[in-house]
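Student: Sharing structure02.cif below, mmCIF, C-alpha atoms:
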```
data_input
loop_
_atom_site.label_atom_id
_atom_site.label_comp_id
_atom_site.auth_asym_id
_atom_site.auth_seq_id
_atom_site.Cartn_x
_atom_site.Cartn_y
_atom_site.Cartn_z
CA MET H 14 -9.76 -66.16 -51.94
CA THR H 15 -8.45 -67.36 -55.28
CA GLU H 16 -10.26 -64.50 -57.09
CA LYS H 17 -8.73 -61.92 -54.79
CA LYS H 18 -5.24 -63.31 -55.39
CA THR H 19 -5.79 -63.33 -59.17
CA GLY H 20 -7.11 -59.76 -59.05
CA HIS H 21 -4.02 -58.49 -57.24
CA SER H 22 -1.78 -60.32 -59.65
CA LEU H 23 -3.50 -58.75 -62.65
CA CYS H 24 -3.21 -55.29 -61.05
CA ASP H 25 0.52 -55.87 -60.65
CA LYS H 26 0.85 -57.00 -64.25
CA VAL H 27 -1.08 -54.00 -65.57
CA ARG H 28 1.02 -51.62 -63.50
CA ASP H 29 4.23 -53.28 -64.65
CA ARG H 30 3.08 -52.74 -68.24
CA LEU H 31 2.22 -49.12 -67.56
CA ALA H 32 5.60 -48.61 -65.90
CA ALA H 33 7.39 -50.09 -68.90
CA ASN H 34 5.57 -47.68 -71.23
CA LEU H 35 6.22 -44.53 -69.19
CA GLY H 36 7.43 -41.68 -71.39
CA ARG H 37 7.51 -43.83 -74.51
CA GLY H 38 6.35 -42.50 -77.85
CA GLN H 39 4.76 -45.77 -78.93
CA PRO H 40 3.61 -47.82 -75.95
CA GLU H 41 3.38 -51.59 -76.28
CA ALA H 42 -0.17 -52.92 -76.54
CA MET H 43 -1.52 -54.87 -73.56
CA PRO H 44 -2.60 -58.52 -73.82
CA GLU H 45 -6.36 -58.96 -73.93
CA GLU H 46 -6.53 -60.38 -70.41
CA LEU H 47 -4.89 -57.25 -68.98
CA SER H 48 -6.98 -54.88 -71.12
CA GLU H 49 -10.15 -56.52 -69.81
CA HIS H 50 -8.92 -56.19 -66.24
CA LEU H 51 -8.00 -52.55 -66.81
CA ALA H 52 -11.48 -51.76 -68.11
CA GLY H 53 -13.06 -52.96 -64.87
CA CYS H 54 -10.47 -51.93 -62.26
CA GLU H 55 -10.77 -48.38 -60.94
CA GLY H 56 -7.35 -48.45 -59.29
CA CYS H 57 -5.60 -49.48 -62.51
CA GLN H 58 -7.52 -46.86 -64.51
CA GLU H 59 -6.33 -44.22 -62.08
CA GLU H 60 -2.77 -45.45 -62.52
CA LEU H 61 -3.26 -45.34 -66.31
CA ARG H 62 -4.33 -41.69 -66.10
CA ARG H 63 -1.31 -40.82 -63.95
CA ALA H 64 1.00 -42.58 -66.38
CA ALA H 65 -0.58 -40.75 -69.33
CA LYS H 66 -0.10 -37.38 -67.61
CA PHE H 67 3.51 -38.23 -66.86
CA THR H 68 4.16 -39.31 -70.45
CA ALA H 69 2.57 -36.11 -71.78
CA ALA H 70 4.79 -34.02 -69.46
CA VAL H 71 7.91 -35.89 -70.59
CA LYS H 72 6.99 -35.44 -74.25
CA ALA H 73 6.49 -31.72 -73.65
CA LEU H 74 10.14 -31.30 -72.64
CA ARG H 75 11.82 -29.32 -75.41
CA ALA H 76 15.22 -27.97 -76.28
CA THR H 77 15.37 -24.33 -75.23
CA PRO H 78 16.91 -21.77 -77.63
CA LEU H 79 20.36 -20.36 -77.01
CA PRO H 80 19.86 -16.66 -76.09
CA ALA H 81 21.13 -14.24 -78.78
CA SER H 82 23.54 -12.38 -76.47
CA ARG H 83 25.18 -15.65 -75.43
CA GLU H 84 25.33 -16.84 -79.01
CA LEU H 85 27.13 -13.64 -80.01
CA ARG H 86 29.87 -14.21 -77.43
CA ILE H 87 30.25 -17.85 -78.41
CA ARG H 88 30.43 -16.99 -82.10
CA SER H 89 33.10 -14.40 -81.39
CA ALA H 90 35.31 -17.01 -79.67
CA LEU H 91 34.68 -19.57 -82.41
CA SER H 92 35.44 -17.08 -85.16
CA ALA H 93 38.80 -16.30 -83.55
CA GLU H 94 39.57 -20.01 -83.29
CA LEU H 95 38.63 -20.60 -86.91
CA ARG H 96 41.09 -17.95 -87.98
CA GLY H 97 43.77 -19.29 -85.70
CA ALA H 98 44.04 -16.03 -83.82
CA ARG H 99 42.24 -14.16 -81.08
CA GLY H 100 40.93 -10.60 -80.67
CA SER H 101 39.72 -8.04 -83.23
CA GLU H 102 42.78 -8.56 -85.42
CA ALA H 103 41.30 -11.93 -86.31
CA PHE H 104 39.26 -10.29 -89.07
CA GLY H 105 40.62 -10.36 -92.59
CA PRO H 106 40.31 -7.63 -95.27
CA VAL H 107 37.05 -9.10 -96.59
CA LEU H 108 34.20 -9.91 -94.19
CA THR H 109 31.21 -12.20 -94.49
CA ALA H 110 27.86 -10.99 -93.11
CA GLN H 111 28.46 -13.18 -90.07
CA GLU H 112 31.88 -11.67 -89.47
CA LEU H 113 30.56 -8.14 -89.97
CA ALA H 114 27.94 -8.84 -87.30
CA LEU H 115 30.73 -9.81 -84.92
CA TYR H 116 32.81 -6.82 -85.99
CA LEU H 117 29.91 -4.43 -85.27
CA GLN H 118 28.80 -6.42 -82.19
CA VAL H 119 25.25 -6.85 -83.46
CA ALA H 120 23.10 -9.85 -84.36
CA PRO H 121 23.57 -11.26 -87.91
CA GLU H 122 19.90 -10.46 -88.66
CA GLN H 123 20.62 -6.75 -88.14
CA VAL H 124 23.31 -6.84 -90.81
CA TYR H 125 20.88 -8.38 -93.29
CA GLY H 126 18.18 -5.92 -92.18
CA HIS H 127 20.39 -2.91 -93.00
CA LEU H 128 22.07 -4.25 -96.11
CA GLU H 129 21.03 -1.32 -98.29
CA GLU H 130 22.89 1.11 -95.98
CA LEU H 131 26.15 -0.84 -95.91
CA PRO H 132 29.01 -0.74 -98.41
CA ALA H 133 28.74 -4.28 -99.72
CA PHE H 134 29.49 -6.21 -102.86
CA GLU H 135 28.23 -9.45 -104.31
CA PHE H 136 30.34 -12.25 -105.73
CA ALA H 137 29.10 -15.67 -106.85
CA GLY H 138 25.81 -15.10 -105.09
CA GLU H 139 27.44 -14.22 -101.76
CA VAL H 140 27.43 -10.81 -100.07
CA ARG H 141 30.81 -9.58 -98.84
CA PHE H 142 32.15 -6.42 -97.18
CA LEU H 143 35.53 -4.79 -97.66
CA ARG H 144 36.73 -4.07 -94.15
CA ALA H 145 38.38 -0.78 -95.22
CA SER H 146 35.05 0.39 -96.71
CA ILE H 147 33.24 -0.58 -93.54
CA ASP H 148 35.76 1.39 -91.45
CA GLN H 149 35.22 4.40 -93.71
CA TRP H 150 31.44 3.96 -93.44
CA ILE H 151 31.75 3.87 -89.63
CA ARG H 152 33.73 7.14 -89.65
CA GLU H 153 31.00 8.79 -91.76
CA ARG H 154 28.37 7.51 -89.34
CA GLU H 155 30.38 8.98 -86.46
CA LYS H 156 30.41 12.42 -88.09
CA GLN H 157 26.72 12.20 -88.85
CA PHE H 158 25.93 11.16 -85.28
CA ARG H 159 28.02 14.03 -83.89
CA ARG H 160 26.19 16.58 -86.10
CA GLN H 161 22.81 15.21 -85.02
CA THR H 162 23.78 15.38 -81.36
CA ILE H 163 24.88 19.03 -81.64
CA GLU H 164 21.74 20.01 -83.58
CA SER H 165 19.59 18.28 -81.03
CA SER H 166 21.35 20.13 -78.20
CA LEU H 167 20.83 23.51 -79.93
CA LYS H 168 17.10 22.88 -80.06
CA ARG H 169 17.17 22.42 -76.30
CA PRO H 170 19.25 25.39 -74.99
CA HIS H 171 18.61 24.53 -71.33
CA VAL H 172 20.64 21.38 -71.87
CA LEU H 173 23.57 23.50 -73.08
CA ARG H 174 23.25 25.83 -70.11
CA LEU H 175 23.30 22.89 -67.74
CA ALA H 176 26.34 21.48 -69.54
CA MET K 1 24.69 -26.23 -98.10
CA GLU K 2 21.88 -26.44 -95.52
CA ASP K 3 20.61 -29.54 -97.34
CA LEU K 4 23.81 -31.50 -96.71
CA SER K 5 23.99 -34.17 -94.03
CA ASP K 6 26.03 -33.72 -90.86
CA ARG K 7 28.64 -36.14 -92.12
CA GLU K 8 29.00 -34.37 -95.46
CA LEU K 9 29.40 -31.07 -93.67
CA MET K 10 32.06 -32.48 -91.34
CA VAL K 11 33.98 -33.90 -94.29
CA MET K 12 33.82 -30.50 -96.01
CA PHE K 13 34.94 -28.82 -92.81
CA LYS K 14 37.87 -31.24 -92.52
CA HIS K 15 38.87 -30.09 -95.97
CA GLY K 16 38.93 -26.46 -94.96
CA ARG K 17 35.39 -25.26 -95.78
CA ARG K 18 34.62 -23.08 -92.76
CA GLU K 19 31.08 -22.32 -93.89
CA ALA K 20 30.29 -26.02 -93.35
CA PHE K 21 31.05 -25.51 -89.65
CA GLU K 22 28.69 -22.53 -89.59
CA VAL K 23 25.84 -24.74 -90.86
CA LEU K 24 26.60 -27.37 -88.20
CA PHE K 25 26.74 -24.72 -85.49
CA VAL K 26 23.36 -23.31 -86.51
CA ARG K 27 21.91 -26.82 -86.71
CA TYR K 28 23.05 -27.90 -83.23
CA ARG K 29 23.60 -24.75 -81.11
CA HIS K 30 20.17 -24.92 -79.40
CA GLN K 31 20.46 -28.67 -78.78
CA VAL K 32 23.90 -28.41 -77.19
CA TRP K 33 22.91 -25.36 -75.15
CA SER K 34 19.72 -26.96 -73.91
CA TYR K 35 21.45 -30.25 -73.02
CA LEU K 36 24.25 -28.55 -71.11
CA ARG K 37 21.96 -26.06 -69.37
CA ARG K 38 19.89 -28.93 -68.01
CA LEU K 39 22.99 -30.93 -67.08
CA VAL K 40 24.89 -28.22 -65.21
CA GLY K 41 21.95 -26.15 -63.99
CA ASP K 42 23.21 -22.61 -64.55
CA GLU K 43 23.32 -20.55 -67.71
CA ALA K 44 26.73 -18.92 -67.31
CA SER K 45 28.47 -22.29 -66.99
CA ALA K 46 26.37 -23.70 -69.83
CA GLU K 47 27.51 -20.85 -72.09
CA ASP K 48 31.16 -21.58 -71.30
CA LEU K 49 30.60 -25.24 -72.00
CA VAL K 50 28.79 -24.66 -75.31
CA GLN K 51 31.79 -22.61 -76.41
CA GLU K 52 34.11 -25.37 -75.18
CA VAL K 53 32.14 -28.02 -77.11
CA PHE K 54 32.19 -26.20 -80.44
CA LEU K 55 35.85 -25.26 -79.97
CA ALA K 56 36.50 -28.98 -79.47
CA VAL K 57 34.60 -29.70 -82.71
CA ILE K 58 36.87 -27.25 -84.54
CA ARG K 59 40.04 -28.64 -82.97
CA SER K 60 39.03 -32.29 -83.36
CA ARG K 61 37.75 -32.14 -86.92
CA GLU K 62 40.76 -34.11 -88.15
CA THR K 63 39.95 -37.02 -85.84
CA TYR K 64 36.25 -37.18 -86.73
CA GLU K 65 35.43 -40.48 -88.41
CA ALA K 66 32.74 -40.19 -91.06
CA GLU K 67 31.34 -43.59 -90.02
CA ALA K 68 30.31 -42.27 -86.61
CA PRO K 69 26.95 -40.49 -86.40
CA PHE K 70 27.63 -36.79 -85.82
CA PRO K 71 25.06 -36.36 -83.00
CA ALA K 72 26.68 -39.22 -81.04
CA TRP K 73 30.12 -37.62 -81.48
CA LEU K 74 28.85 -34.15 -80.56
CA PHE K 75 26.94 -35.33 -77.48
CA ARG K 76 29.95 -37.33 -76.35
CA ILE K 77 31.99 -34.12 -76.42
CA ALA K 78 29.21 -32.25 -74.60
CA THR K 79 28.81 -34.98 -71.97
CA ASN K 80 32.56 -35.08 -71.32
CA ALA K 81 32.64 -31.28 -71.04
CA ALA K 82 29.88 -31.37 -68.41
CA ARG K 83 31.64 -34.16 -66.47
CA SER K 84 34.91 -32.21 -66.50
CA HIS K 85 32.99 -29.18 -65.28
CA PHE K 86 31.79 -31.15 -62.24
CA ARG K 87 35.23 -32.66 -61.67
CA ARG K 88 36.69 -29.16 -61.52
CA GLY K 89 34.86 -28.91 -58.21
CA ARG K 90 31.91 -26.76 -59.08
CA ARG K 91 28.56 -27.39 -57.44
CA SER K 92 26.34 -30.02 -58.89
CA PRO K 93 22.85 -28.89 -59.90
CA VAL K 94 21.42 -31.17 -57.21
CA GLN K 95 23.22 -29.22 -54.49
CA SER K 96 22.41 -25.87 -56.03
CA LEU K 97 18.65 -26.26 -55.90
CA ALA K 98 16.39 -25.87 -52.93
CA GLU K 99 14.16 -28.88 -52.61
CA GLY K 100 11.31 -30.20 -50.58
CA GLU K 101 10.56 -33.70 -49.41
CA ASN K 102 10.45 -36.39 -52.07
CA GLY K 103 12.47 -34.15 -54.35
CA VAL K 104 9.43 -32.11 -55.38
CA PRO K 105 9.97 -28.36 -54.96
CA ALA K 106 8.20 -27.15 -51.83
CA ASP K 107 6.40 -24.34 -53.66
CA THR K 108 4.98 -26.82 -56.17
CA ARG K 109 3.72 -29.23 -53.53
CA SER K 110 1.90 -26.49 -51.66
CA LYS K 111 -0.08 -25.23 -54.69
CA PRO K 112 -3.83 -25.85 -54.52
CA PRO K 113 -5.31 -28.39 -56.94
CA HIS K 114 -7.46 -25.69 -58.60
CA ASP K 115 -4.39 -23.89 -59.88
CA LEU K 116 -4.84 -23.28 -63.60
CA ALA K 117 -1.09 -23.38 -64.09
CA TYR K 118 -1.06 -27.12 -63.35
CA ALA K 119 0.66 -28.07 -66.60
CA HIS K 120 3.33 -25.47 -66.00
CA GLU K 121 3.84 -26.72 -62.45
CA LEU K 122 4.14 -30.27 -63.63
CA ASN K 123 6.73 -29.20 -66.17
CA SER K 124 8.69 -27.26 -63.54
CA ALA K 125 8.58 -30.21 -61.17
CA LEU K 126 9.76 -32.49 -63.96
CA GLU K 127 12.65 -30.16 -64.84
CA HIS K 128 13.58 -30.10 -61.17
CA ALA K 129 13.38 -33.87 -60.84
CA VAL K 130 15.54 -34.31 -63.97
CA ARG K 131 18.26 -32.20 -62.34
CA GLU K 132 18.14 -34.50 -59.33
CA LEU K 133 18.71 -37.68 -61.32
CA PRO K 134 22.09 -39.35 -60.92
CA GLU K 135 24.49 -37.99 -63.55
CA THR K 136 24.44 -40.94 -65.96
CA LEU K 137 20.67 -41.35 -65.82
CA ARG K 138 20.24 -37.62 -66.42
CA GLU K 139 22.51 -37.74 -69.48
CA VAL K 140 20.72 -40.76 -70.96
CA PHE K 141 17.25 -39.38 -70.25
CA LEU K 142 17.97 -35.99 -71.84
CA MET K 143 19.67 -37.44 -74.92
CA ARG K 144 16.74 -39.78 -75.52
CA GLN K 145 13.68 -37.81 -74.45
CA VAL K 146 14.63 -34.26 -75.37
CA HIS K 147 17.23 -34.61 -78.10
CA LYS K 148 15.80 -37.74 -79.70
CA LEU K 149 19.04 -39.65 -80.08
CA THR K 150 18.57 -43.36 -80.73
CA ASP K 151 19.66 -45.97 -78.17
CA GLU K 152 22.58 -46.84 -80.47
CA GLU K 153 23.69 -43.20 -80.75
CA ILE K 154 23.52 -42.74 -76.97
CA ALA K 155 25.46 -45.98 -76.53
CA GLN K 156 28.18 -44.62 -78.84
CA ALA K 157 28.21 -41.27 -77.07
CA MET K 158 28.65 -42.96 -73.69
CA ASP K 159 30.72 -46.03 -74.58
CA LEU K 160 28.03 -48.35 -73.29
CA ALA K 161 25.97 -51.18 -74.79
CA PRO K 162 22.53 -50.24 -76.20
CA ALA K 163 20.96 -52.71 -73.73
CA SER K 164 22.49 -50.74 -70.84
CA ILE K 165 21.05 -47.54 -72.27
CA ARG K 166 17.57 -49.07 -72.23
CA VAL K 167 18.04 -50.11 -68.59
CA TYR K 168 19.25 -46.64 -67.59
CA LEU K 169 16.40 -45.00 -69.44
CA HIS K 170 13.85 -47.22 -67.70
CA ARG K 171 15.38 -46.42 -64.32
CA ALA K 172 15.37 -42.70 -65.06
CA ARG K 173 11.69 -42.74 -66.04
CA GLN K 174 10.79 -44.75 -62.94
CA MET K 175 12.63 -42.36 -60.63
CA LEU K 176 11.01 -39.35 -62.26
CA TYR K 177 7.57 -40.93 -62.09
CA ARG K 178 7.94 -41.71 -58.38
CA LYS K 179 9.01 -38.14 -57.67
CA LEU K 180 6.18 -36.63 -59.66
CA ARG K 181 3.51 -39.05 -58.44
CA PRO K 182 2.05 -36.67 -55.80
CA LEU K 183 1.44 -34.15 -58.59
CA LEU K 184 -0.14 -36.66 -60.92
CA ASP K 185 -3.20 -37.12 -58.72
CA GLU K 186 -6.34 -37.37 -60.82
CA ARG K 187 -8.10 -34.38 -59.26
CA GLN K 188 -5.33 -31.97 -60.22
CA GLY K 189 -5.32 -32.94 -63.88
CA SER K 190 -9.11 -32.84 -64.12
CA ASP K 191 -9.27 -29.42 -62.53
CA ALA K 192 -6.58 -28.13 -64.87
CA ASP K 193 -8.54 -29.37 -67.86
CA ASP K 194 -11.74 -27.63 -66.83
#
```
Would you write out, as structure tokens, the structure that this file holds?
Tutor:
Amino acid sequence: MTEKKTGHSLCDKVRDRLAANLGRGQPEAMPEELSEHLAGCEGCQEELRRAAKFTAAVKALRATPLPASRELRIRSALSAELRGARGSEAFGPVLTAQELALYLQVAPEQVYGHLEELPAFEFAGEVRFLRASIDQWIREREKQFRRQTIESSLKRPHVLRLA
Amino acid sequence: MEDLSDRELMVMFKHGRREAFEVLFVRYRHQVWSYLRRLVGDEASAEDLVQEVFLAVIRSRETYEAEAPFPAWLFRIATNAARSHFRRGRRSPVQSLAEGENGVPADTRSKPPHDLAYAHELNSALEHAVRELPETLREVFLMRQVHKLTDEEIAQAMDLAPASIRVYLHRARQMLYRKLRPLLDERQGSDADD
């Protein structure tokens, strides 16, 4: 009778310990008496395995990355705030790569990926873009795109006939 | 500039160096997004709130005290933004999710134990259970378990004593464990490991 009571009490103590350690990176060590009980008690071992699975699942929770399209919109609003104005007129005559990305509505990585095509200049180790040069570059790209579209249409006369 | 501490960057930003803000934004954008997405439950609202949080950082830079840990200050702003969001009368994530008995999603409970996607299911059930936690417990749990803030930083972010944070955290873990217990059955884990 006494043994049974002691056994239950030790089970409770072990489970209290396991509960206190749930999800913790560095669980507290158990007193020897409880460790010995745990080694011989199937029910407590089962509880230990459940607790370990729970802790592993909690540790696996991670911060999820902000999607690029959402980041672009957020950056646009923040950029306007930083300049104390809103809308496209927020851009000054000289743009950073970040601002150019917002100006062109692309990801910043795409600006760096196409740096050799863009009218840029370097000062004190930083790349900058004159907005007027960028506007001129855009107009050239427009002409080029128009020519390509017409040439492409000529190679496919049925498209012209349909048009 | 990427090597500078949060505090140094905030001090530089206070003195007009906008590129310091850019470094802070890049450093914390995923953390703030992830925290708010889990707090409010939908991505569109979370995006609005992330914008709101960083706008508040820009507008409040003059009141930032260099003695305060930046993460505590930032998460305080984020937590307040989420609370205001709920006060504005939008649905809470608890109401917006379909749930089964015991708070475990019905589709998860009905999956057979031999399912090889057990770990994924457990994670989904945990995410679901986190959304069902009472607001304060959810905030404390996420700041501690996902974003690795210290008890002291969470206490500063929430205007509570560190001892209270430990109590809340313990309660949150207990509630989550009880909700996930049916999924933590030994057979399921063993089968998933095979």
Student: What does the structure give for the distance between CA of Pro121 (chain H) and CA of Leu24 (chain K), in Å to one decimal?
Tutor: 16.4 Å
Student: Please list as a list in words every residue within 10 Å of Glu112 (chain H), counting all atoms listed in the file and excluding residues in the same chain fewer than 5 positions away.
Tutor: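 Listed by chain and then number, they are Arg88, Ser89, Ser92, Ala103, Phe104, Gly105, Val107, Leu117, Gln118, Pro121, Val124, Arg141 and Phe142 of chain H.
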Student: Fewer than 4 positions away in the same chain doesn't count, so skip those; otherwise give me all residues within 9 Å of region 8-20 of chain K, counting only C-alpha atoms, as an NGL selection string.
Tutor: (:H and (95)) or (:K and (1-2 or 4 or 24-25 or 58 or 61-62 or 64-66 or 70))
Student: On this file, the PyMOL selection byres ((chain K) within 6 of (chain H)) gives some set of residues; write that set as a ChimeraX atom specification.
Tutor: /K:30-31,33-34,51,146,184
Student: What separation in Å, quoted to one decimal, exists between CA of Arg181 (chain K) and CA of Ala52 (chain H)?
Tutor: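 Calculated distance between CA of Arg181 (chain K) and CA of Ala52 (chain H) is 21.9 Å.
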Student: Using the chain letters and numbering of this document, enumerate as number ranges by chain the residues selected by the PyMOL selection byres ((chain K and resi 159) around 12).
Tutor: K: 72-73, 75-76, 79-80, 136, 140, 151-158, 160-165
Student: To one decimal place in Å, what is the distance between CA of Val27 (chain H) and CA of Glu49 (chain H)?
Tutor: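 Separation between CA of Val27 (chain H) and CA of Glu49 (chain H): 10.3 Å.
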Student: Starting from the PyMOL selection byres ((chain K and resi 48) around 10), expand the selection into actual residues of this file and give them as a PyMOL selection string.
Tutor: (chain H and resi 83+86-87) or (chain K and resi 33+36+43-47+49-53+81+85)
Student: Compile the contact shell of Leu128 (chain H) as a ChimeraX atom specification: residues with an atom at most 12 Å away, counting all atoms listed in the file, same-chain residues fewer than 5 positions apart removed.
Tutor: /H:110,113-114,121-123,133-135,140-142
Student: With all atoms of region 115-125 of chain H from the file as input, state the centre and edge lengths in Å to one decimal of the axis-aligned box that has 6 Å extra on each side, as JSON.
Tutor:
```
{"center_x": 26.4, "center_y": -7.8, "center_z": -87.7, "size_x": 24.9, "size_y": 18.8, "size_z": 23.1}
```
Student: Quick one: region 29-40 of chain K from the block, C-alpha atoms, as a compact mmCIF listing (two decimals), in the first residue's frame.
Tutor:
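Ended up saving to out07.txt:
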```txt
# COMPACT_ATOMS: atom_id res chain seq x y z
CA ARG K 29 11.76 42.81 -41.33
CA HIS K 30 11.33 39.00 -41.25
CA GLN K 31 11.04 38.92 -37.45
CA VAL K 32 8.37 41.62 -37.33
CA TRP K 33 6.48 40.10 -40.26
CA SER K 34 6.55 36.63 -38.78
CA TYR K 35 5.48 37.82 -35.32
CA LEU K 36 2.58 39.86 -36.65
CA ARG K 37 1.46 37.21 -39.13
CA ARG K 38 1.18 34.70 -36.30
CA LEU K 39 -0.52 37.22 -34.02
CA VAL K 40 -3.19 38.46 -36.43
```
